[in-house]
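Data from upload_14.txt: compact mmCIF, C-alpha atoms
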# COMPACT_ATOMS: atom_id res chain seq x y z
CA MET A 3 -60.77 -79.41 -1.89
CA PHE A 4 -60.23 -76.82 0.83
CA PHE A 5 -62.74 -74.39 -0.62
CA LYS A 6 -65.18 -77.16 -1.40
CA ILE A 7 -65.27 -78.28 2.24
CA ALA A 8 -65.61 -74.71 3.44
CA TRP A 9 -68.36 -74.08 0.91
CA LEU A 10 -70.25 -77.27 1.87
CA LEU A 11 -70.01 -76.43 5.55
CA MET A 12 -71.31 -72.92 4.98
CA ARG A 13 -74.17 -74.30 2.90
CA LYS A 14 -75.01 -76.77 5.65
CA ASP A 15 -75.12 -73.99 8.24
CA LEU A 16 -77.22 -71.77 6.02
CA THR A 17 -79.64 -74.58 5.15
CA VAL A 18 -80.19 -75.33 8.84
CA GLU A 19 -80.64 -71.62 9.45
CA VAL A 20 -83.04 -71.06 6.53
CA ARG A 21 -85.28 -73.87 7.80
CA SER A 22 -85.84 -72.32 11.20
CA ARG A 23 -84.49 -68.76 10.79
CA GLU A 24 -84.10 -68.84 14.56
CA ILE A 25 -80.72 -67.16 14.85
CA LEU A 26 -81.36 -64.61 12.12
CA TYR A 27 -84.68 -63.44 13.57
CA THR A 28 -83.59 -63.37 17.19
CA THR A 29 -80.26 -61.68 16.42
CA ALA A 30 -81.85 -59.07 14.16
CA PHE A 31 -84.54 -58.35 16.72
CA PHE A 32 -81.91 -58.09 19.45
CA ALA A 33 -79.88 -55.64 17.35
CA VAL A 34 -82.97 -53.52 16.69
CA SER A 35 -83.89 -53.39 20.38
CA CYS A 36 -80.29 -52.46 21.17
CA VAL A 37 -80.49 -49.49 18.81
CA LEU A 38 -83.83 -48.45 20.30
CA VAL A 39 -82.47 -48.58 23.85
CA PHE A 40 -79.51 -46.45 22.80
CA SER A 41 -81.73 -44.00 20.97
CA PHE A 42 -83.74 -43.42 24.17
CA ALA A 43 -80.52 -42.74 26.03
CA LEU A 44 -78.77 -40.61 23.44
CA VAL A 45 -81.41 -38.70 21.46
CA LYS A 46 -82.19 -35.52 23.33
CA GLU A 47 -85.08 -33.27 22.32
CA GLY A 48 -85.22 -34.94 18.96
CA ARG A 49 -81.55 -34.28 18.22
CA PRO A 50 -79.11 -37.22 18.14
CA LEU A 51 -75.76 -36.94 19.85
CA GLN A 52 -72.83 -35.95 17.64
CA ASP A 53 -71.11 -39.09 16.27
CA GLY A 54 -73.75 -41.12 18.10
CA ALA A 55 -74.88 -43.01 15.00
CA ALA A 56 -71.41 -44.44 14.29
CA GLY A 57 -70.93 -45.64 17.86
CA ILE A 58 -74.38 -47.17 18.15
CA LEU A 59 -74.11 -48.97 14.83
CA TRP A 60 -70.86 -50.67 15.83
CA ILE A 61 -71.97 -51.46 19.37
CA ALA A 62 -75.11 -53.08 17.96
CA ILE A 63 -72.99 -55.10 15.50
CA ALA A 64 -70.67 -56.24 18.29
CA PHE A 65 -73.54 -57.22 20.61
CA ALA A 66 -75.54 -58.96 17.90
CA GLY A 67 -72.38 -60.66 16.63
CA THR A 68 -71.64 -62.12 20.07
CA LEU A 69 -75.18 -63.45 20.26
CA ALA A 70 -75.04 -64.98 16.78
CA LEU A 71 -71.65 -66.62 17.49
CA GLY A 72 -72.89 -68.09 20.75
CA ARG A 73 -76.11 -69.40 19.22
CA THR A 74 -74.42 -70.90 16.15
CA PHE A 75 -72.08 -73.02 18.23
CA GLU A 76 -74.74 -73.78 20.84
CA ARG A 77 -76.70 -75.44 18.05
CA GLU A 78 -73.69 -77.60 17.14
CA ARG A 79 -73.15 -78.52 20.77
CA HIS A 80 -76.79 -79.33 21.35
CA ALA A 81 -76.93 -81.72 18.42
CA GLU A 82 -73.45 -83.12 19.20
CA THR A 83 -72.51 -82.32 15.62
CA LEU A 84 -69.29 -80.46 16.30
CA ARG A 85 -67.58 -83.70 17.21
CA ALA A 86 -68.90 -85.27 14.03
CA LEU A 87 -67.53 -82.32 12.08
CA LEU A 88 -64.13 -82.68 13.69
CA LEU A 89 -64.13 -86.42 13.04
CA ALA A 90 -64.89 -85.91 9.35
CA PRO A 91 -61.92 -86.37 7.01
CA ALA A 92 -61.65 -82.65 6.42
CA GLY A 93 -58.86 -80.23 7.23
CA ARG A 94 -59.50 -78.25 10.39
CA PRO A 95 -58.69 -74.92 8.69
CA ALA A 96 -61.41 -75.67 6.10
CA ILE A 97 -63.90 -76.25 8.90
CA TYR A 98 -62.92 -72.93 10.44
CA VAL A 99 -63.35 -71.09 7.14
CA GLY A 100 -66.75 -72.73 6.55
CA LYS A 101 -67.97 -71.70 9.99
CA LEU A 102 -66.61 -68.20 9.50
CA LEU A 103 -68.41 -67.83 6.15
CA GLY A 104 -71.69 -68.99 7.69
CA ILE A 105 -71.43 -66.48 10.52
CA LEU A 106 -70.46 -63.72 8.09
CA ALA A 107 -73.54 -64.41 5.96
CA LEU A 108 -75.66 -64.15 9.09
CA LEU A 109 -74.05 -60.93 10.28
CA PHE A 110 -74.28 -59.26 6.87
CA SER A 111 -78.00 -60.04 6.78
CA VAL A 112 -78.41 -58.45 10.22
CA GLU A 113 -76.47 -55.40 9.05
CA LEU A 114 -78.85 -55.02 6.11
CA VAL A 115 -81.58 -54.26 8.65
CA LEU A 116 -79.39 -52.46 11.14
CA VAL A 117 -77.73 -49.83 8.95
CA PRO A 118 -80.94 -48.34 7.48
CA LEU A 119 -82.54 -48.36 10.93
CA VAL A 120 -79.65 -46.42 12.50
CA GLY A 121 -79.67 -44.08 9.50
CA LEU A 122 -83.37 -43.46 9.99
CA LEU A 123 -83.37 -42.98 13.76
CA PHE A 124 -80.18 -40.93 13.97
CA GLN A 125 -80.46 -38.96 10.74
CA ALA A 126 -77.19 -40.45 9.55
CA ALA A 127 -76.47 -40.25 5.82
CA PHE A 128 -74.84 -43.65 5.25
CA GLN A 129 -75.79 -43.51 1.57
CA ARG A 130 -73.50 -40.57 0.78
CA GLU A 131 -70.33 -42.66 0.60
CA VAL A 132 -71.82 -46.10 0.03
CA GLY A 133 -68.62 -47.68 -1.29
CA TRP A 134 -66.47 -46.74 1.72
CA MET A 135 -69.26 -47.54 4.15
CA ILE A 136 -69.57 -51.05 2.70
CA ALA A 137 -65.80 -51.46 2.81
CA LEU A 138 -65.75 -50.49 6.50
CA LEU A 139 -68.63 -52.82 7.35
CA VAL A 140 -67.16 -55.78 5.46
CA ALA A 141 -63.63 -55.36 6.81
CA GLY A 142 -64.86 -54.73 10.36
CA THR A 143 -67.30 -57.64 10.39
CA VAL A 144 -64.67 -60.02 9.00
CA GLY A 145 -62.21 -59.00 11.74
CA PHE A 146 -64.79 -59.38 14.48
CA ALA A 147 -66.09 -62.71 13.17
CA ALA A 148 -62.61 -64.12 12.53
CA VAL A 149 -61.63 -63.80 16.19
CA GLY A 150 -65.15 -64.61 17.36
CA THR A 151 -65.48 -67.85 15.40
CA LEU A 152 -62.25 -69.20 16.87
CA PHE A 153 -63.14 -68.27 20.45
CA ALA A 154 -66.73 -69.48 20.18
CA ALA A 155 -65.52 -72.81 18.77
CA MET A 156 -63.07 -73.25 21.64
CA LEU A 157 -65.63 -72.21 24.24
CA VAL A 158 -68.09 -74.92 23.17
CA ARG A 159 -66.64 -77.21 25.82
CA ALA A 160 -66.11 -74.56 28.48
CA ARG A 161 -68.40 -74.27 31.46
CA SER A 162 -69.36 -70.60 31.52
CA ARG A 163 -69.24 -70.04 27.76
CA ASP A 164 -72.12 -67.54 27.63
CA VAL A 165 -70.31 -65.02 29.76
CA MET A 166 -66.80 -65.96 28.61
CA LEU A 167 -67.37 -65.16 24.93
CA PRO A 168 -67.97 -61.40 25.37
CA VAL A 169 -65.37 -61.21 28.15
CA LEU A 170 -62.69 -62.57 25.80
CA LEU A 171 -63.92 -61.14 22.54
CA TYR A 172 -64.39 -57.46 23.38
CA PRO A 173 -60.88 -56.67 24.65
CA ILE A 174 -59.31 -58.39 21.63
CA THR A 175 -61.60 -56.73 19.08
CA ILE A 176 -61.27 -53.20 20.48
CA PRO A 177 -59.13 -52.13 17.46
CA VAL A 178 -61.99 -53.22 15.16
CA ILE A 179 -64.50 -51.18 17.14
CA ILE A 180 -62.25 -48.11 17.23
CA ALA A 181 -61.54 -48.33 13.49
CA GLY A 182 -65.18 -48.98 12.63
CA VAL A 183 -66.56 -46.17 14.76
CA ARG A 184 -63.94 -43.59 13.74
CA GLY A 185 -64.16 -44.50 10.06
CA THR A 186 -67.96 -44.34 10.07
CA ALA A 187 -67.92 -41.06 11.99
CA ALA A 188 -65.53 -39.60 9.39
CA LEU A 189 -67.95 -40.57 6.61
CA LEU A 190 -70.96 -39.13 8.44
CA GLN A 191 -69.45 -35.66 8.92
CA ALA A 192 -71.08 -32.74 7.14
CA ALA A 193 -68.22 -32.97 4.64
CA PRO A 194 -67.33 -36.69 4.36
CA ASP A 195 -63.66 -37.30 5.17
CA VAL A 196 -62.83 -40.14 2.76
CA GLU A 197 -59.10 -39.85 3.47
CA THR A 198 -59.56 -40.80 7.14
CA ALA A 199 -62.04 -43.56 6.29
CA ARG A 200 -59.52 -45.06 3.86
CA MET A 201 -56.87 -45.12 6.58
CA TRP A 202 -59.21 -46.99 8.94
CA VAL A 203 -60.22 -49.45 6.21
CA ALA A 204 -56.53 -50.13 5.62
CA LEU A 205 -56.00 -50.82 9.34
CA LEU A 206 -59.02 -53.14 9.38
CA VAL A 207 -57.81 -55.08 6.33
CA PHE A 208 -54.43 -55.50 8.02
CA PHE A 209 -56.13 -56.66 11.23
CA ASP A 210 -58.23 -59.16 9.23
CA ALA A 211 -55.18 -60.55 7.46
CA VAL A 212 -53.24 -61.05 10.71
CA PHE A 213 -56.07 -62.56 12.71
CA VAL A 214 -57.46 -64.82 9.99
CA THR A 215 -53.93 -66.16 9.49
CA LEU A 216 -53.43 -66.65 13.23
CA SER A 217 -56.79 -68.41 13.53
CA LEU A 218 -56.07 -70.76 10.63
CA TRP A 219 -52.67 -71.47 12.13
CA THR A 220 -53.93 -72.25 15.65
CA PHE A 221 -57.36 -73.80 14.95
CA GLU A 222 -55.93 -77.24 14.38
CA SER A 223 -54.06 -77.52 17.69
CA LEU A 224 -56.78 -75.72 19.63
CA MET A 225 -59.55 -78.04 18.56
CA THR A 226 -57.59 -81.22 19.33
CA ASP A 227 -58.11 -82.81 22.71
CA MET B 29 -33.31 -71.28 36.99
CA ARG B 30 -34.28 -72.24 40.55
CA ARG B 31 -30.68 -72.58 41.62
CA TYR B 32 -30.14 -68.87 41.11
CA LEU B 33 -33.36 -67.96 42.85
CA SER B 34 -32.05 -67.06 46.31
CA PRO B 35 -29.18 -64.84 45.09
CA LEU B 36 -31.53 -63.28 42.54
CA LEU B 37 -34.14 -62.46 45.17
CA PHE B 38 -31.44 -61.11 47.47
CA VAL B 39 -30.02 -58.78 44.81
CA ALA B 40 -33.49 -57.60 43.80
CA MET B 41 -34.41 -56.88 47.42
CA ALA B 42 -31.13 -55.06 48.02
CA MET B 43 -31.72 -52.95 44.93
CA PHE B 44 -35.21 -52.09 46.13
CA ALA B 45 -33.73 -51.08 49.49
CA VAL B 46 -31.15 -48.77 47.87
CA ALA B 47 -33.47 -47.35 45.21
CA PRO B 48 -35.28 -44.81 47.47
CA VAL B 49 -31.93 -43.22 48.40
CA LEU B 50 -30.94 -42.83 44.75
CA ILE B 51 -34.37 -41.53 43.83
CA GLU B 52 -34.29 -39.07 46.71
CA ARG B 53 -30.91 -37.75 45.54
CA ALA B 54 -32.03 -37.34 41.93
CA PRO B 55 -32.68 -33.73 40.90
CA TYR B 56 -36.17 -32.33 41.07
CA GLU B 57 -38.04 -31.86 37.82
CA ALA B 58 -38.70 -28.13 37.43
CA SER B 59 -42.41 -28.02 36.66
CA MET B 60 -43.69 -31.11 38.47
CA GLY B 61 -41.50 -31.26 41.56
CA LEU B 62 -41.89 -34.15 43.94
CA VAL B 63 -44.67 -35.93 42.05
CA GLN B 64 -42.30 -36.66 39.17
CA LYS B 65 -40.52 -39.19 41.42
CA ILE B 66 -43.33 -41.69 40.88
CA PHE B 67 -41.84 -41.96 37.42
CA TYR B 68 -39.08 -44.23 38.80
CA PHE B 69 -41.75 -46.66 39.89
CA HIS B 70 -44.34 -46.23 37.18
CA VAL B 71 -42.25 -46.55 34.01
CA PRO B 72 -40.27 -49.67 35.03
CA SER B 73 -43.57 -51.34 35.97
CA ALA B 74 -44.97 -50.49 32.54
CA MET B 75 -41.85 -51.87 30.84
CA VAL B 76 -42.05 -55.09 32.86
CA MET B 77 -45.76 -55.34 32.06
CA PHE B 78 -45.21 -55.23 28.30
CA VAL B 79 -42.24 -57.62 28.45
CA SER B 80 -44.34 -59.96 30.57
CA ALA B 81 -47.19 -59.85 28.05
CA PHE B 82 -44.77 -61.02 25.38
CA VAL B 83 -43.27 -63.71 27.65
CA CYS B 84 -46.80 -65.00 28.23
CA GLY B 85 -47.60 -64.96 24.51
CA ILE B 86 -44.41 -66.75 23.48
CA ALA B 87 -44.74 -69.36 26.23
CA SER B 88 -48.31 -69.94 25.11
CA VAL B 89 -47.23 -70.51 21.51
CA LEU B 90 -44.67 -73.04 22.74
CA PHE B 91 -47.37 -74.76 24.80
CA LEU B 92 -49.81 -74.88 21.88
CA PHE B 93 -47.43 -76.27 19.31
CA LYS B 94 -44.90 -78.23 21.35
CA ASN B 95 -47.40 -79.28 24.01
CA ARG B 96 -44.88 -78.81 26.81
CA PRO B 97 -46.61 -78.45 30.20
CA SER B 98 -43.65 -76.44 31.55
CA SER B 99 -44.37 -73.69 29.01
CA ASP B 100 -47.92 -73.56 30.30
CA HIS B 101 -46.66 -72.96 33.85
CA VAL B 102 -44.43 -70.14 32.63
CA ALA B 103 -47.34 -68.66 30.65
CA ALA B 104 -49.64 -68.80 33.67
CA ALA B 105 -47.01 -67.10 35.83
CA ALA B 106 -46.32 -64.41 33.22
CA GLY B 107 -50.05 -63.84 32.73
CA GLU B 108 -50.56 -63.22 36.44
CA LEU B 109 -47.52 -60.95 36.65
CA THR B 110 -48.70 -58.93 33.65
CA ALA B 111 -51.96 -58.28 35.44
CA VAL B 112 -50.17 -57.38 38.70
CA PHE B 113 -47.67 -54.98 37.13
CA GLY B 114 -50.45 -53.61 34.94
CA LEU B 115 -52.40 -52.81 38.07
CA ILE B 116 -49.37 -50.99 39.49
CA VAL B 117 -49.11 -48.99 36.25
CA LEU B 118 -52.81 -48.13 36.27
CA VAL B 119 -52.72 -47.03 39.92
CA THR B 120 -49.53 -44.98 39.80
CA GLY B 121 -50.34 -43.40 36.42
CA PRO B 122 -53.45 -41.49 37.51
CA MET B 123 -51.68 -40.38 40.72
CA TRP B 124 -49.08 -38.68 38.58
CA ALA B 125 -51.60 -37.44 36.01
CA ARG B 126 -53.67 -35.74 38.72
CA ARG B 127 -50.75 -33.40 39.48
CA ALA B 128 -49.20 -33.13 36.03
CA TRP B 129 -52.29 -32.83 33.85
CA GLY B 130 -54.87 -31.87 36.46
CA VAL B 131 -57.11 -34.86 35.74
CA TRP B 132 -57.07 -38.45 36.98
CA TRP B 133 -57.59 -39.98 33.58
CA GLU B 134 -56.81 -38.79 30.10
CA TRP B 135 -57.71 -40.73 26.95
CA ASP B 136 -54.10 -40.57 25.87
CA ALA B 137 -52.73 -43.27 23.57
CA ARG B 138 -50.38 -44.77 26.12
CA LEU B 139 -52.93 -44.82 28.93
CA THR B 140 -55.61 -46.39 26.79
CA SER B 141 -53.35 -49.08 25.38
CA SER B 142 -52.09 -50.02 28.86
CA LEU B 143 -55.68 -50.28 30.03
CA LEU B 144 -56.58 -52.54 27.10
CA VAL B 145 -53.58 -54.82 27.64
CA GLU B 146 -54.59 -55.06 31.30
CA LEU B 147 -58.14 -55.97 30.22
CA ILE B 148 -56.88 -58.72 27.92
CA PHE B 149 -54.82 -60.23 30.71
CA VAL B 150 -57.64 -60.02 33.23
CA ALA B 151 -59.71 -61.95 30.66
CA TYR B 152 -56.81 -64.41 30.45
CA LEU B 153 -56.86 -64.96 34.22
CA LEU B 154 -60.66 -65.32 34.18
CA VAL B 155 -60.40 -68.07 31.58
CA ARG B 156 -57.72 -69.86 33.55
CA LYS B 157 -59.80 -69.74 36.70
CA TYR B 158 -63.34 -70.28 35.44
CA GLY B 159 -62.87 -71.83 32.01
CA GLY B 160 -63.33 -75.36 33.27
CA PRO B 161 -61.66 -78.36 31.63
CA ALA B 162 -59.21 -77.76 28.77
CA SER B 163 -59.04 -74.08 29.65
CA GLU B 164 -55.22 -74.07 29.30
CA LYS B 165 -55.47 -74.18 25.53
CA LEU B 166 -58.15 -71.53 25.46
CA ALA B 167 -56.01 -69.35 27.72
CA ALA B 168 -52.99 -69.95 25.48
CA ALA B 169 -55.02 -68.73 22.49
CA ILE B 170 -56.05 -65.60 24.40
CA ALA B 171 -52.42 -64.90 25.26
CA LEU B 172 -51.33 -65.40 21.65
CA PHE B 173 -54.13 -63.21 20.28
CA GLY B 174 -53.53 -60.68 23.02
CA MET B 175 -49.86 -60.46 22.10
CA ALA B 176 -50.68 -60.07 18.40
CA ASN B 177 -53.18 -57.43 19.39
CA VAL B 178 -50.73 -55.16 21.22
CA PRO B 179 -49.45 -53.40 18.06
CA PHE B 180 -53.00 -52.99 16.73
CA VAL B 181 -54.21 -51.53 19.98
CA TYR B 182 -51.29 -49.14 20.04
CA VAL B 183 -51.67 -48.01 16.43
CA SER B 184 -55.44 -47.67 16.53
CA VAL B 185 -55.49 -45.80 19.83
CA ASN B 186 -52.69 -43.57 18.59
CA LEU B 187 -54.52 -42.74 15.37
CA TRP B 188 -57.75 -42.22 17.26
CA ARG B 189 -56.07 -39.71 19.57
CA THR B 190 -53.88 -37.96 17.07
CA LEU B 191 -57.02 -36.96 15.17
CA HIS B 192 -57.49 -34.66 18.15
CA PRO B 193 -53.96 -33.63 19.01
CA ARG B 194 -53.16 -32.74 22.57
CA THR B 195 -49.89 -31.69 24.09
CA THR B 196 -48.38 -34.06 26.60
CA VAL B 197 -45.38 -33.67 28.80
CA ALA B 198 -42.20 -34.48 26.96
CA MET B 199 -40.27 -37.36 28.46
CA THR B 200 -36.62 -36.62 28.08
CA LEU B 201 -34.26 -37.64 30.80
CA PRO B 202 -31.55 -35.21 31.94
CA ALA B 203 -28.39 -36.49 33.56
CA GLY B 204 -28.81 -37.22 37.26
CA MET B 205 -32.25 -38.67 36.63
CA LYS B 206 -31.00 -41.19 34.13
CA GLU B 207 -28.99 -43.32 36.58
CA PRO B 208 -31.67 -43.86 39.25
CA PHE B 209 -34.18 -44.49 36.49
CA TRP B 210 -32.22 -47.31 34.88
CA PHE B 211 -31.37 -48.61 38.34
CA SER B 212 -35.10 -48.89 39.02
CA VAL B 213 -35.67 -50.59 35.68
CA ALA B 214 -33.00 -53.17 36.54
CA ALA B 215 -34.50 -53.72 40.00
CA PHE B 216 -37.95 -54.28 38.57
CA GLY B 217 -36.53 -56.57 35.90
CA LEU B 218 -34.78 -58.75 38.47
CA LEU B 219 -37.87 -58.81 40.67
CA TYR B 220 -39.89 -59.90 37.66
CA ILE B 221 -37.52 -62.75 36.82
CA ALA B 222 -37.55 -63.91 40.46
CA LEU B 223 -41.35 -63.81 40.70
CA LEU B 224 -41.73 -65.53 37.35
CA THR B 225 -39.42 -68.35 38.49
CA ILE B 226 -41.20 -68.80 41.80
CA ARG B 227 -44.65 -68.75 40.27
CA SER B 228 -43.84 -71.22 37.47
CA TRP B 229 -42.17 -73.48 40.00
CA LEU B 230 -45.33 -73.33 42.13
CA GLY B 231 -47.45 -74.25 39.10
CA ARG B 232 -45.19 -77.18 38.34
CA GLU B 233 -45.29 -78.43 41.94
CA ARG B 234 -49.05 -78.13 41.98
CA ALA B 235 -49.41 -80.19 38.81
CA GLU B 236 -46.99 -82.75 40.21
CA LEU B 237 -48.99 -82.98 43.44
CA GLU B 238 -52.22 -83.46 41.54
CA ARG B 239 -50.67 -86.22 39.48
CA ALA B 240 -49.39 -87.94 42.61
CA TYR B 241 -52.85 -87.75 44.21
CA LEU B 242 -54.45 -89.35 41.18
CA GLU B 243 -51.86 -92.08 41.18
CA LEU B 244 -52.49 -92.77 44.86
CA GLU B 245 -56.23 -93.01 44.32
CA GLU B 246 -55.79 -95.45 41.50
CA GLU B 247 -53.82 -97.84 43.62
Reformat the file's structure so that it appears as structure tokens.
Amino acid sequence: MFFKIAWLLMRKDLTVEVRSREILYTTAFFAVSCVLVFSFALVKEGRPLQDGAAGILWIAIAFAGTLALGRTFERERHAETLRALLLAPAGRPAIYVGKLLGILALLFSVELVLVPLVGLLFQAAFQREVGWMIALLVAGTVGFAAVGTLFAAMLVRARSRDVMLPVLLYPITIPVIIAGVRGTAALLQAAPDVETARMWVALLVFFDAVFVTLSLWTFESLMTD
Amino acid sequence: MRRYLSPLLFVAMAMFAVAPVLIERAPYEASMGLVQKIFYFHVPSAMVMFVSAFVCGIASVLFLFKNRPSSDHVAAAAGELTAVFGLIVLVTGPMWARRAWGVWWEWDARLTSSLLVELIFVAYLLVRKYGGPASEKLAAAIALFGMANVPFVYVSVNLWRTLHPRTTVAMTLPAGMKEPFWFSVAAFGLLYIALLTIRSWLGRERAELERAYLELEEE
């Protein structure tokens, strides 16, 4: 039952998204322009900054993720559907998981564009350790989205939600950014340092476990008036 | 708690009055000299800051699940005090670092994690002030997530820095420095308890006043 509700909710979000593709297109375009702006700042005489690719990739993910989270819940607010969702005879944790899955699908699609672009512009060899790179991206995105989904859902009713979301989200997700950037940088070295990347993936998985649990635990009481 | 407030404040104030004498009498640290004395101020503030972060987190959990308004007042007070003591830590730290390390700021594990905890609690205060209706619950979630985040911040910053090891000044306390140091810790602890009591009391009074106003208007 739990997974069915989550699955249905994710499908609903994706169906709405596939019809207009508004969030996917705008978020992906935003992420691409982010990378371009950074490349003008950090590529000097045709040579990218050392470790620049890792940092820019994760900053772009964080920025685009904030945008996608804000837009997803803005759509619910605009159509007054969040209340309907909360009134439905479905467990609140299942609603949270459904929302989280929808946002994850969106972010992974954006990353499909983002990672090759950063690799191209910054001469970063992401393909050398594909398995560990994917592990870092998945674990990092899940951590970021887990906290982000909860905060974005709570901020739906707040006044200054557009500015509040990044203000709250970035300090809390700093460990994700540090782990993502350092792990990616370790993989992009001349001799890939898989040992270090594995350590950061482990930290990210631990972070995901703690914060998904905390979100599931608190979602119910946070979304009740 | 309020009954003990006046004696508590008195003792804390007296301890703060005596502390400079004890600190002055403490032996000089060989390599740093006078600037090391800021230690008696800086470290207790940092301790109080981290304790306060946990007080805020625990009070927020109580508010979220037991729905007790009094826990919310305690959480609000602890959140503000975390930010205040954090500011003290972040101002006194660089003053010491300038003399001891030769730079104002170093991306050391402890410095970075204090800065991040301060950031989380500034975000907490921003939500409380500008979050609009129902911001107490949102703030409580920030405090809870912030508290859960403290170990992650510490571990990740530590790992990040230890990949590039750097020698820092060892912090071992010789006799003669130990007593004034723990005296300062106790003074800061008492001050914290007193401030926390006053501030939560203020929050409670404010809520009570608001309720009374509403009642009056309804009549």
Please determine, counting only C-alpha atoms, which residue among B:Thr225, B:Asn177, B:Ser73, B:Asn186 has the shortest atom-to-atom distance to chain A.
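Closest to chain A of all the choices is B:Asn177.
You can rank B:Leu242, B:Ala235, B:Leu139, B:Ala176 by their closest distance to Ile174 of chain A using only C-alpha atoms, and at the top of that list sits B:Ala176.
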Contact set, chain B to chain A: 9 Å, all atoms listed in the file, as a PyMOL selection string:
chain B and resi 92-93+144-145+147-148+151-152+154-155+158-163+165-166+169-170+172-174+176-177+180-185+188
Let me see the file: selected residues, C-alpha atoms, as a PDB file, in the coordinates of the input.
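Result went into result37.pdb, see below:
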ATOM      1  CA  LEU B  92     -49.810 -74.880  21.880  1.00  0.00           C
ATOM      2  CA  PHE B  93     -47.430 -76.270  19.310  1.00  0.00           C
ATOM      3  CA  LEU B 144     -56.580 -52.540  27.100  1.00  0.00           C
ATOM      4  CA  VAL B 145     -53.580 -54.820  27.640  1.00  0.00           C
ATOM      5  CA  LEU B 147     -58.140 -55.970  30.220  1.00  0.00           C
ATOM      6  CA  ILE B 148     -56.880 -58.720  27.920  1.00  0.00           C
ATOM      7  CA  ALA B 151     -59.710 -61.950  30.660  1.00  0.00           C
ATOM      8  CA  TYR B 152     -56.810 -64.410  30.450  1.00  0.00           C
ATOM      9  CA  LEU B 154     -60.660 -65.320  34.180  1.00  0.00           C
ATOM     10  CA  VAL B 155     -60.400 -68.070  31.580  1.00  0.00           C
ATOM     11  CA  TYR B 158     -63.340 -70.280  35.440  1.00  0.00           C
ATOM     12  CA  GLY B 159     -62.870 -71.830  32.010  1.00  0.00           C
ATOM     13  CA  GLY B 160     -63.330 -75.360  33.270  1.00  0.00           C
ATOM     14  CA  PRO B 161     -61.660 -78.360  31.630  1.00  0.00           C
ATOM     15  CA  ALA B 162     -59.210 -77.760  28.770  1.00  0.00           C
ATOM     16  CA  SER B 163     -59.040 -74.080  29.650  1.00  0.00           C
ATOM     17  CA  LYS B 165     -55.470 -74.180  25.530  1.00  0.00           C
ATOM     18  CA  LEU B 166     -58.150 -71.530  25.460  1.00  0.00           C
ATOM     19  CA  ALA B 169     -55.020 -68.730  22.490  1.00  0.00           C
ATOM     20  CA  ILE B 170     -56.050 -65.600  24.400  1.00  0.00           C
ATOM     21  CA  LEU B 172     -51.330 -65.400  21.650  1.00  0.00           C
ATOM     22  CA  PHE B 173     -54.130 -63.210  20.280  1.00  0.00           C
ATOM     23  CA  GLY B 174     -53.530 -60.680  23.020  1.00  0.00           C
ATOM     24  CA  ALA B 176     -50.680 -60.070  18.400  1.00  0.00           C
ATOM     25  CA  ASN B 177     -53.180 -57.430  19.390  1.00  0.00           C
ATOM     26  CA  PHE B 180     -53.000 -52.990  16.730  1.00  0.00           C
ATOM     27  CA  VAL B 181     -54.210 -51.530  19.980  1.00  0.00           C
ATOM     28  CA  TYR B 182     -51.290 -49.140  20.040  1.00  0.00           C
ATOM     29  CA  VAL B 183     -51.670 -48.010  16.430  1.00  0.00           C
ATOM     30  CA  SER B 184     -55.440 -47.670  16.530  1.00  0.00           C
ATOM     31  CA  VAL B 185     -55.490 -45.800  19.830  1.00  0.00           C
ATOM     32  CA  TRP B 188     -57.750 -42.220  17.260  1.00  0.00           C
TER      33      TRP B 188
END
One number please: atom CA of Pro122 of chain B to atom CA of Ala74 of chain B, in Å, one decimal.
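Pair atom CA of Pro122 of chain B / atom CA of Ala74 of chain B returns 13.3 Å.
Here the question is which of A:Ala81, A:Ala55, A:Leu89, A:Val144 gets nearest to Ala127 of chain A using all atoms listed in the file, and that residue is A:Ala55.
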One-decimal distance in Å that lies between atom CA of Glu78 of chain A and atom CA of Ala96 of chain A:
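Interatomic distance, atom CA of Ala96 of chain A to atom CA of Glu78 of chain A: 16.6 Å.
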Ser98 of chain B: which residues within 9 Å, counting only C-alpha atoms, same-chain residues fewer than 2 positions away excluded, as an MDAnalysis selection string?
chainID B and resid 87 91 95:96 100:103 228 231:232
Have a look at atom CA of Ala199 of chain A and atom CA of Leu143 of chain B and let me know their distance in Å, one decimal.
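Atom-to-atom, atom CA of Ala199 of chain A and atom CA of Leu143 of chain B are spaced 25.5 Å apart.
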Check the smallest atom-to-atom distance from each of A:Val117, A:Val203, A:Ala192, A:Leu69 to Thr151 of chain A using all atoms listed in the file, then report the winner.
A:Leu69
Can you list, as a count of residues only, every protein, DNA or RNA residue that comes within 12 Å of Leu10 of chain A when you count only C-alpha atoms, leaving out same-chain residues fewer than 3 positions away?
19
Restricting the calculation to all atoms listed in the file, which member of B:Gly130, B:Ala215, B:Glu146, B:Trp124 is positioned closest to Val46 of chain B?
B:Ala215
Considering all atoms listed in the file, return as a list of chain:residue names whatever protein or nucleic-acid residues lie within 10 Å of Ser111 of chain A, sequence-local ones (same chain, fewer than 5 positions apart) excluded.
A:Leu26, A:Ala30, A:Ile105, A:Leu106, A:Leu116
Shell around Phe211 of chain B at 9 Å using all atoms listed in the file, local window under 2 positions removed, as a ChimeraX atom specification:
/B:43,47,50,68,206-209,213-216
Who sits within 12 Å of Gly57 of chain A, only C-alpha atoms, same chain under 5 positions skipped, as number ranges by chain:
A: 37, 40-41, 44, 50-52, 62-64, 117, 120, 124, 126, 179-188, 190
Considering all atoms listed in the file, state which residue in the set A:Val39, A:Leu71, A:Val207, A:Leu114 is at the smallest distance from Asp164 of chain A.
A:Leu71
